[in-house]
Amino acid sequence: MDRLNPGYKFLTLLIVSMTLSLTYNIRLNLLVFFLSFTATLCTPSVNKKRLFLGLIPFLLLAAGMFMSGLIFPAEGGAATGSEGFRAVYVDSIDTALQLSSRVLAFGGVGMLFALTTDSMDFIMGLMQQFRLPPKFAYGLLAAYHFFPVVRNEYRVVKSGLKVRGIKAGPLSRKRVFPLIVHAFEQSESIAMAMESRGFCNEAPRTVAFVVPLRRVDIVFLAVAVGGVIAGAIWL
């Protein structure tokens, strides 16, 4: 999975997600989740610990949606007796399974893309195969790689306050204000570095590496989208 063209992989999974949003097929949702999770698990570059930790929120959300659909079903799905006990009918169980399976399906597809795709390859693929303007592409990369810088600056500000014996909460302006100032300084340095290296959106540009588009990427697109459409019709 990590060797597929990231742009076409994103397009494939986007179409799959849009197709799933049009149906409430429980078996199809569970099948998509199982295949997505298996493909992610079998990818050698995927951190297995990160995969299972990332799966926990989706399982909790799916359990919550199941209970919500079971206890608060559609109109006429359940009734409350005189003792306060709720009678659960088949319709309410079906609704609960539909809601929870959709969460798992979308979560599985999202994790498949997120854990098997490199950000640099993805942006470069969008530039080369989908003609994304370099101004937006490098802006997205700068924003993505800026988060670790902000996290590190937050730790520096926290340590500086601790050394001086100043107590401040996580969202105190004593922490946030220096963090914002440092963030502006870093962003200005990045902008100056891009300008000094002749970055211009209109100028012809070469690329550091080529993200190839192979036949397997087209096959993956056709098989995945065709399989989901077929499953929505016949499952």
# chains A, B, ... in the order shown; residues from 1 in each chain; ligands from 1
$ closest_atom_pairs --of "region 83-174 of chain A" --to "region 203-221 of chain A" --cutoff "8 Å" --atoms "only C-alpha atoms" --output "Markdown table"
| residue | atom | partner | partner_atom | distance |
| --- | --- | --- | --- | --- |
| A:Asp121 | CA | A:Val211 | CA | 6.8 |
| A:Met124 | CA | A:Val211 | CA | 6.8 |
| A:Gly125 | CA | A:Val211 | CA | 5.6 |
| A:Gln128 | CA | A:Val211 | CA | 7.4 |
| A:Gln129 | CA | A:Leu213 | CA | 8.0 |
$ residues_around --residues "Pro6 (chain A)" --least-positions-apart "4" --cutoff "9 Å" --atoms "only C-alpha atoms" --output "number ranges by chain"
A: 2, 10-11, 113, 116-119, 121-126, 211
$ residues_around --residues "Pro170 (chain A)" --least-positions-apart "2" --cutoff "12 Å" --atoms "only C-alpha atoms" --output "number ranges by chain"
A: 154-155, 157-158, 161, 167-168, 172-177, 179
$ write_last_selection --atoms "N, CA and C atoms" --output "compact mmCIF listing (two decimals), in the first residue's frame"
# COMPACT_ATOMS: atom_id res chain seq x y z
N TYR A 154 6.58 25.35 22.48
CA TYR A 154 5.74 25.29 23.69
C TYR A 154 6.53 24.70 24.86
N ARG A 155 7.31 23.67 24.58
CA ARG A 155 8.14 23.07 25.63
C ARG A 155 9.21 24.04 26.12
N VAL A 157 9.03 27.37 26.10
CA VAL A 157 8.37 28.39 26.92
C VAL A 157 8.01 27.82 28.29
N LYS A 158 7.53 26.60 28.32
CA LYS A 158 7.18 25.96 29.59
C LYS A 158 8.40 25.81 30.49
N LEU A 161 9.48 29.30 31.89
CA LEU A 161 8.64 29.74 33.01
C LEU A 161 8.94 28.95 34.28
N LYS A 167 4.29 30.20 37.71
CA LYS A 167 3.26 29.20 37.51
C LYS A 167 2.27 29.70 36.45
N ALA A 168 1.99 28.86 35.48
CA ALA A 168 1.06 29.23 34.41
C ALA A 168 0.36 27.97 33.92
N SER A 172 -2.55 29.52 29.58
CA SER A 172 -2.29 30.85 30.13
C SER A 172 -1.62 31.73 29.08
N ARG A 173 -1.95 33.02 29.11
CA ARG A 173 -1.35 33.93 28.14
C ARG A 173 0.15 34.07 28.35
N LYS A 174 0.64 33.71 29.55
CA LYS A 174 2.08 33.72 29.80
C LYS A 174 2.79 32.67 28.95
N ARG A 175 2.04 31.62 28.57
CA ARG A 175 2.59 30.61 27.68
C ARG A 175 2.22 30.88 26.23
N VAL A 176 0.97 31.25 26.01
CA VAL A 176 0.46 31.36 24.65
C VAL A 176 1.08 32.55 23.92
N PHE A 177 1.21 33.71 24.60
CA PHE A 177 1.72 34.90 23.93
C PHE A 177 3.16 34.72 23.42
N LEU A 179 4.54 31.97 22.70
CA LEU A 179 4.45 30.94 21.67
C LEU A 179 4.03 31.56 20.33
$ residues_around --residues "Thr95 (chain A)" --least-positions-apart "3" --cutoff "6 Å" --atoms "only C-alpha atoms" --output "MDAnalysis selection string"
chainID A and resid 69 92 98
$ atom_distance --atom1 "CA of Gln186 (chain A)" --atom2 "CA of Met127 (chain A)"
25.3 Å
$ closest_residue --among "A:Pro133, A:Ile166, A:Arg27, A:Phe146" --to "Ser100 (chain A)" --atoms "only C-alpha atoms"
A:Arg27
$ atom_distance --atom1 "CA of Ser196 (chain A)" --atom2 "CA of His182 (chain A)"
21.0 Å
$ select_by_dssp --residues "region 57-163 of chain A" --states "helix (DSSP H, G or I)" --output "ChimeraX atom specification"
/A:57-71,90-116,119-129,134-163
$ write_last_selection --atoms "C-alpha atoms" --output "PDB file, in the first residue's frame"
ATOM      1  CA  PRO A  57     -11.118   6.086  19.278  1.00  0.00           C
ATOM      2  CA  PHE A  58     -13.014   4.566  16.345  1.00  0.00           C
ATOM      3  CA  LEU A  59     -13.988   1.510  18.387  1.00  0.00           C
ATOM      4  CA  LEU A  60     -15.212   3.716  21.236  1.00  0.00           C
ATOM      5  CA  LEU A  61     -17.134   5.946  18.829  1.00  0.00           C
ATOM      6  CA  ALA A  62     -18.635   2.903  17.098  1.00  0.00           C
ATOM      7  CA  ALA A  63     -19.713   1.494  20.473  1.00  0.00           C
ATOM      8  CA  GLY A  64     -21.257   4.838  21.390  1.00  0.00           C
ATOM      9  CA  MET A  65     -23.124   5.050  18.082  1.00  0.00           C
ATOM     10  CA  PHE A  66     -24.350   1.471  18.533  1.00  0.00           C
ATOM     11  CA  MET A  67     -25.765   2.207  21.967  1.00  0.00           C
ATOM     12  CA  SER A  68     -27.291   5.461  20.743  1.00  0.00           C
ATOM     13  CA  GLY A  69     -28.993   3.690  17.862  1.00  0.00           C
ATOM     14  CA  LEU A  70     -30.134   0.907  20.175  1.00  0.00           C
ATOM     15  CA  ILE A  71     -31.535   3.102  22.953  1.00  0.00           C
ATOM     16  CA  VAL A  90     -35.168  -5.642  15.388  1.00  0.00           C
ATOM     17  CA  ASP A  91     -35.411  -2.231  13.708  1.00  0.00           C
ATOM     18  CA  SER A  92     -33.453  -0.574  16.507  1.00  0.00           C
ATOM     19  CA  ILE A  93     -30.706  -3.227  16.340  1.00  0.00           C
ATOM     20  CA  ASP A  94     -30.482  -2.731  12.575  1.00  0.00           C
ATOM     21  CA  THR A  95     -30.194   1.038  13.009  1.00  0.00           C
ATOM     22  CA  ALA A  96     -27.493   0.617  15.664  1.00  0.00           C
ATOM     23  CA  LEU A  97     -25.483  -1.687  13.403  1.00  0.00           C
ATOM     24  CA  GLN A  98     -25.811   0.709  10.490  1.00  0.00           C
ATOM     25  CA  LEU A  99     -24.463   3.633  12.513  1.00  0.00           C
ATOM     26  CA  SER A 100     -21.605   1.757  14.170  1.00  0.00           C
ATOM     27  CA  SER A 101     -20.515  -0.039  10.988  1.00  0.00           C
ATOM     28  CA  ARG A 102     -20.347   3.270   9.097  1.00  0.00           C
ATOM     29  CA  VAL A 103     -18.005   4.665  11.754  1.00  0.00           C
ATOM     30  CA  LEU A 104     -15.749   1.626  11.445  1.00  0.00           C
ATOM     31  CA  ALA A 105     -15.772   1.758   7.640  1.00  0.00           C
ATOM     32  CA  PHE A 106     -14.844   5.429   7.440  1.00  0.00           C
ATOM     33  CA  GLY A 107     -12.297   5.015  10.216  1.00  0.00           C
ATOM     34  CA  GLY A 108     -10.663   2.065   8.470  1.00  0.00           C
ATOM     35  CA  VAL A 109     -10.416   3.922   5.163  1.00  0.00           C
ATOM     36  CA  GLY A 110      -8.996   7.008   6.873  1.00  0.00           C
ATOM     37  CA  MET A 111      -6.375   5.030   8.791  1.00  0.00           C
ATOM     38  CA  LEU A 112      -5.415   3.164   5.630  1.00  0.00           C
ATOM     39  CA  PHE A 113      -4.539   6.413   3.907  1.00  0.00           C
ATOM     40  CA  ALA A 114      -3.015   8.205   6.894  1.00  0.00           C
ATOM     41  CA  LEU A 115      -0.707   5.394   8.017  1.00  0.00           C
ATOM     42  CA  THR A 116       0.479   4.238   4.589  1.00  0.00           C
ATOM     43  CA  SER A 119       3.194  13.602   3.367  1.00  0.00           C
ATOM     44  CA  MET A 120       5.989  14.639   1.003  1.00  0.00           C
ATOM     45  CA  ASP A 121       5.088  11.940  -1.532  1.00  0.00           C
ATOM     46  CA  PHE A 122       1.425  12.921  -1.316  1.00  0.00           C
ATOM     47  CA  ILE A 123       2.031  16.629  -1.990  1.00  0.00           C
ATOM     48  CA  MET A 124       4.515  15.911  -4.765  1.00  0.00           C
ATOM     49  CA  GLY A 125       2.038  13.486  -6.309  1.00  0.00           C
ATOM     50  CA  LEU A 126      -0.683  16.131  -6.255  1.00  0.00           C
ATOM     51  CA  MET A 127       1.693  18.542  -7.987  1.00  0.00           C
ATOM     52  CA  GLN A 128       2.770  16.104 -10.672  1.00  0.00           C
ATOM     53  CA  GLN A 129      -0.404  14.164 -11.441  1.00  0.00           C
ATOM     54  CA  PRO A 134       3.327  24.904  -6.110  1.00  0.00           C
ATOM     55  CA  LYS A 135       2.239  27.879  -3.996  1.00  0.00           C
ATOM     56  CA  PHE A 136      -0.442  25.780  -2.307  1.00  0.00           C
ATOM     57  CA  ALA A 137       1.657  22.613  -2.276  1.00  0.00           C
ATOM     58  CA  TYR A 138       4.628  24.121  -0.465  1.00  0.00           C
ATOM     59  CA  GLY A 139       2.272  26.069   1.787  1.00  0.00           C
ATOM     60  CA  LEU A 140       0.656  22.800   2.874  1.00  0.00           C
ATOM     61  CA  LEU A 141       4.044  21.206   3.481  1.00  0.00           C
ATOM     62  CA  ALA A 142       5.232  24.194   5.489  1.00  0.00           C
ATOM     63  CA  ALA A 143       2.078  24.139   7.611  1.00  0.00           C
ATOM     64  CA  TYR A 144       2.335  20.371   8.170  1.00  0.00           C
ATOM     65  CA  HIS A 145       5.976  20.505   9.260  1.00  0.00           C
ATOM     66  CA  PHE A 146       5.331  23.599  11.370  1.00  0.00           C
ATOM     67  CA  PHE A 147       3.383  21.677  14.017  1.00  0.00           C
ATOM     68  CA  PRO A 148       6.510  19.994  15.501  1.00  0.00           C
ATOM     69  CA  VAL A 149       8.141  23.434  15.654  1.00  0.00           C
ATOM     70  CA  VAL A 150       5.194  24.834  17.619  1.00  0.00           C
ATOM     71  CA  ARG A 151       5.257  21.852  19.967  1.00  0.00           C
ATOM     72  CA  ASN A 152       8.962  22.312  20.601  1.00  0.00           C
ATOM     73  CA  GLU A 153       8.510  26.059  21.198  1.00  0.00           C
ATOM     74  CA  TYR A 154       5.743  25.288  23.687  1.00  0.00           C
ATOM     75  CA  ARG A 155       8.136  23.068  25.630  1.00  0.00           C
ATOM     76  CA  VAL A 156      10.803  25.776  25.579  1.00  0.00           C
ATOM     77  CA  VAL A 157       8.375  28.387  26.923  1.00  0.00           C
ATOM     78  CA  LYS A 158       7.177  25.957  29.586  1.00  0.00           C
ATOM     79  CA  SER A 159      10.738  25.222  30.700  1.00  0.00           C
ATOM     80  CA  GLY A 160      11.595  28.947  30.759  1.00  0.00           C
ATOM     81  CA  LEU A 161       8.640  29.744  33.010  1.00  0.00           C
ATOM     82  CA  LYS A 162       9.469  26.813  35.265  1.00  0.00           C
ATOM     83  CA  VAL A 163      13.093  27.951  35.668  1.00  0.00           C
TER      84      VAL A 163
END
$ decode --residues "region 131-194 of chain A" --atoms "C-alpha atoms" --output "PDB file, in the first residue's frame"
ATOM      1  CA  ARG A 131      -1.463  19.939 -11.272  1.00  0.00           C
ATOM      2  CA  LEU A 132      -1.686  21.376  -7.770  1.00  0.00           C
ATOM      3  CA  PRO A 133      -0.067  24.869  -7.867  1.00  0.00           C
ATOM      4  CA  PRO A 134       3.327  24.904  -6.110  1.00  0.00           C
ATOM      5  CA  LYS A 135       2.239  27.879  -3.996  1.00  0.00           C
ATOM      6  CA  PHE A 136      -0.442  25.780  -2.307  1.00  0.00           C
ATOM      7  CA  ALA A 137       1.657  22.613  -2.276  1.00  0.00           C
ATOM      8  CA  TYR A 138       4.628  24.121  -0.465  1.00  0.00           C
ATOM      9  CA  GLY A 139       2.272  26.069   1.787  1.00  0.00           C
ATOM     10  CA  LEU A 140       0.656  22.800   2.874  1.00  0.00           C
ATOM     11  CA  LEU A 141       4.044  21.206   3.481  1.00  0.00           C
ATOM     12  CA  ALA A 142       5.232  24.194   5.489  1.00  0.00           C
ATOM     13  CA  ALA A 143       2.078  24.139   7.611  1.00  0.00           C
ATOM     14  CA  TYR A 144       2.335  20.371   8.170  1.00  0.00           C
ATOM     15  CA  HIS A 145       5.976  20.505   9.260  1.00  0.00           C
ATOM     16  CA  PHE A 146       5.331  23.599  11.370  1.00  0.00           C
ATOM     17  CA  PHE A 147       3.383  21.677  14.017  1.00  0.00           C
ATOM     18  CA  PRO A 148       6.510  19.994  15.501  1.00  0.00           C
ATOM     19  CA  VAL A 149       8.141  23.434  15.654  1.00  0.00           C
ATOM     20  CA  VAL A 150       5.194  24.834  17.619  1.00  0.00           C
ATOM     21  CA  ARG A 151       5.257  21.852  19.967  1.00  0.00           C
ATOM     22  CA  ASN A 152       8.962  22.312  20.601  1.00  0.00           C
ATOM     23  CA  GLU A 153       8.510  26.059  21.198  1.00  0.00           C
ATOM     24  CA  TYR A 154       5.743  25.288  23.687  1.00  0.00           C
ATOM     25  CA  ARG A 155       8.136  23.068  25.630  1.00  0.00           C
ATOM     26  CA  VAL A 156      10.803  25.776  25.579  1.00  0.00           C
ATOM     27  CA  VAL A 157       8.375  28.387  26.923  1.00  0.00           C
ATOM     28  CA  LYS A 158       7.177  25.957  29.586  1.00  0.00           C
ATOM     29  CA  SER A 159      10.738  25.222  30.700  1.00  0.00           C
ATOM     30  CA  GLY A 160      11.595  28.947  30.759  1.00  0.00           C
ATOM     31  CA  LEU A 161       8.640  29.744  33.010  1.00  0.00           C
ATOM     32  CA  LYS A 162       9.469  26.813  35.265  1.00  0.00           C
ATOM     33  CA  VAL A 163      13.093  27.951  35.668  1.00  0.00           C
ATOM     34  CA  ARG A 164      11.929  31.423  36.697  1.00  0.00           C
ATOM     35  CA  GLY A 165       9.433  29.964  39.142  1.00  0.00           C
ATOM     36  CA  ILE A 166       6.380  31.331  37.290  1.00  0.00           C
ATOM     37  CA  LYS A 167       3.259  29.198  37.509  1.00  0.00           C
ATOM     38  CA  ALA A 168       1.062  29.230  34.412  1.00  0.00           C
ATOM     39  CA  GLY A 169      -1.709  26.962  33.154  1.00  0.00           C
ATOM     40  CA  PRO A 170      -1.597  25.155  29.799  1.00  0.00           C
ATOM     41  CA  LEU A 171      -3.594  27.931  28.077  1.00  0.00           C
ATOM     42  CA  SER A 172      -2.289  30.845  30.127  1.00  0.00           C
ATOM     43  CA  ARG A 173      -1.345  33.932  28.143  1.00  0.00           C
ATOM     44  CA  LYS A 174       2.084  33.720  29.797  1.00  0.00           C
ATOM     45  CA  ARG A 175       2.591  30.609  27.685  1.00  0.00           C
ATOM     46  CA  VAL A 176       0.461  31.362  24.653  1.00  0.00           C
ATOM     47  CA  PHE A 177       1.720  34.899  23.927  1.00  0.00           C
ATOM     48  CA  PRO A 178       5.462  33.976  23.694  1.00  0.00           C
ATOM     49  CA  LEU A 179       4.453  30.944  21.667  1.00  0.00           C
ATOM     50  CA  ILE A 180       2.592  33.117  19.127  1.00  0.00           C
ATOM     51  CA  VAL A 181       5.539  35.523  18.894  1.00  0.00           C
ATOM     52  CA  HIS A 182       7.981  32.670  18.245  1.00  0.00           C
ATOM     53  CA  ALA A 183       5.609  31.160  15.683  1.00  0.00           C
ATOM     54  CA  PHE A 184       5.500  34.432  13.746  1.00  0.00           C
ATOM     55  CA  GLU A 185       9.299  34.614  13.823  1.00  0.00           C
ATOM     56  CA  GLN A 186       9.614  31.069  12.508  1.00  0.00           C
ATOM     57  CA  SER A 187       7.034  31.631   9.750  1.00  0.00           C
ATOM     58  CA  GLU A 188       8.811  34.807   8.661  1.00  0.00           C
ATOM     59  CA  SER A 189      12.121  32.922   8.503  1.00  0.00           C
ATOM     60  CA  ILE A 190      10.533  30.234   6.328  1.00  0.00           C
ATOM     61  CA  ALA A 191       9.041  32.855   3.981  1.00  0.00           C
ATOM     62  CA  MET A 192      12.387  34.646   3.654  1.00  0.00           C
ATOM     63  CA  ALA A 193      14.155  31.347   2.960  1.00  0.00           C
ATOM     64  CA  MET A 194      11.708  30.533   0.147  1.00  0.00           C
TER      65      MET A 194
END
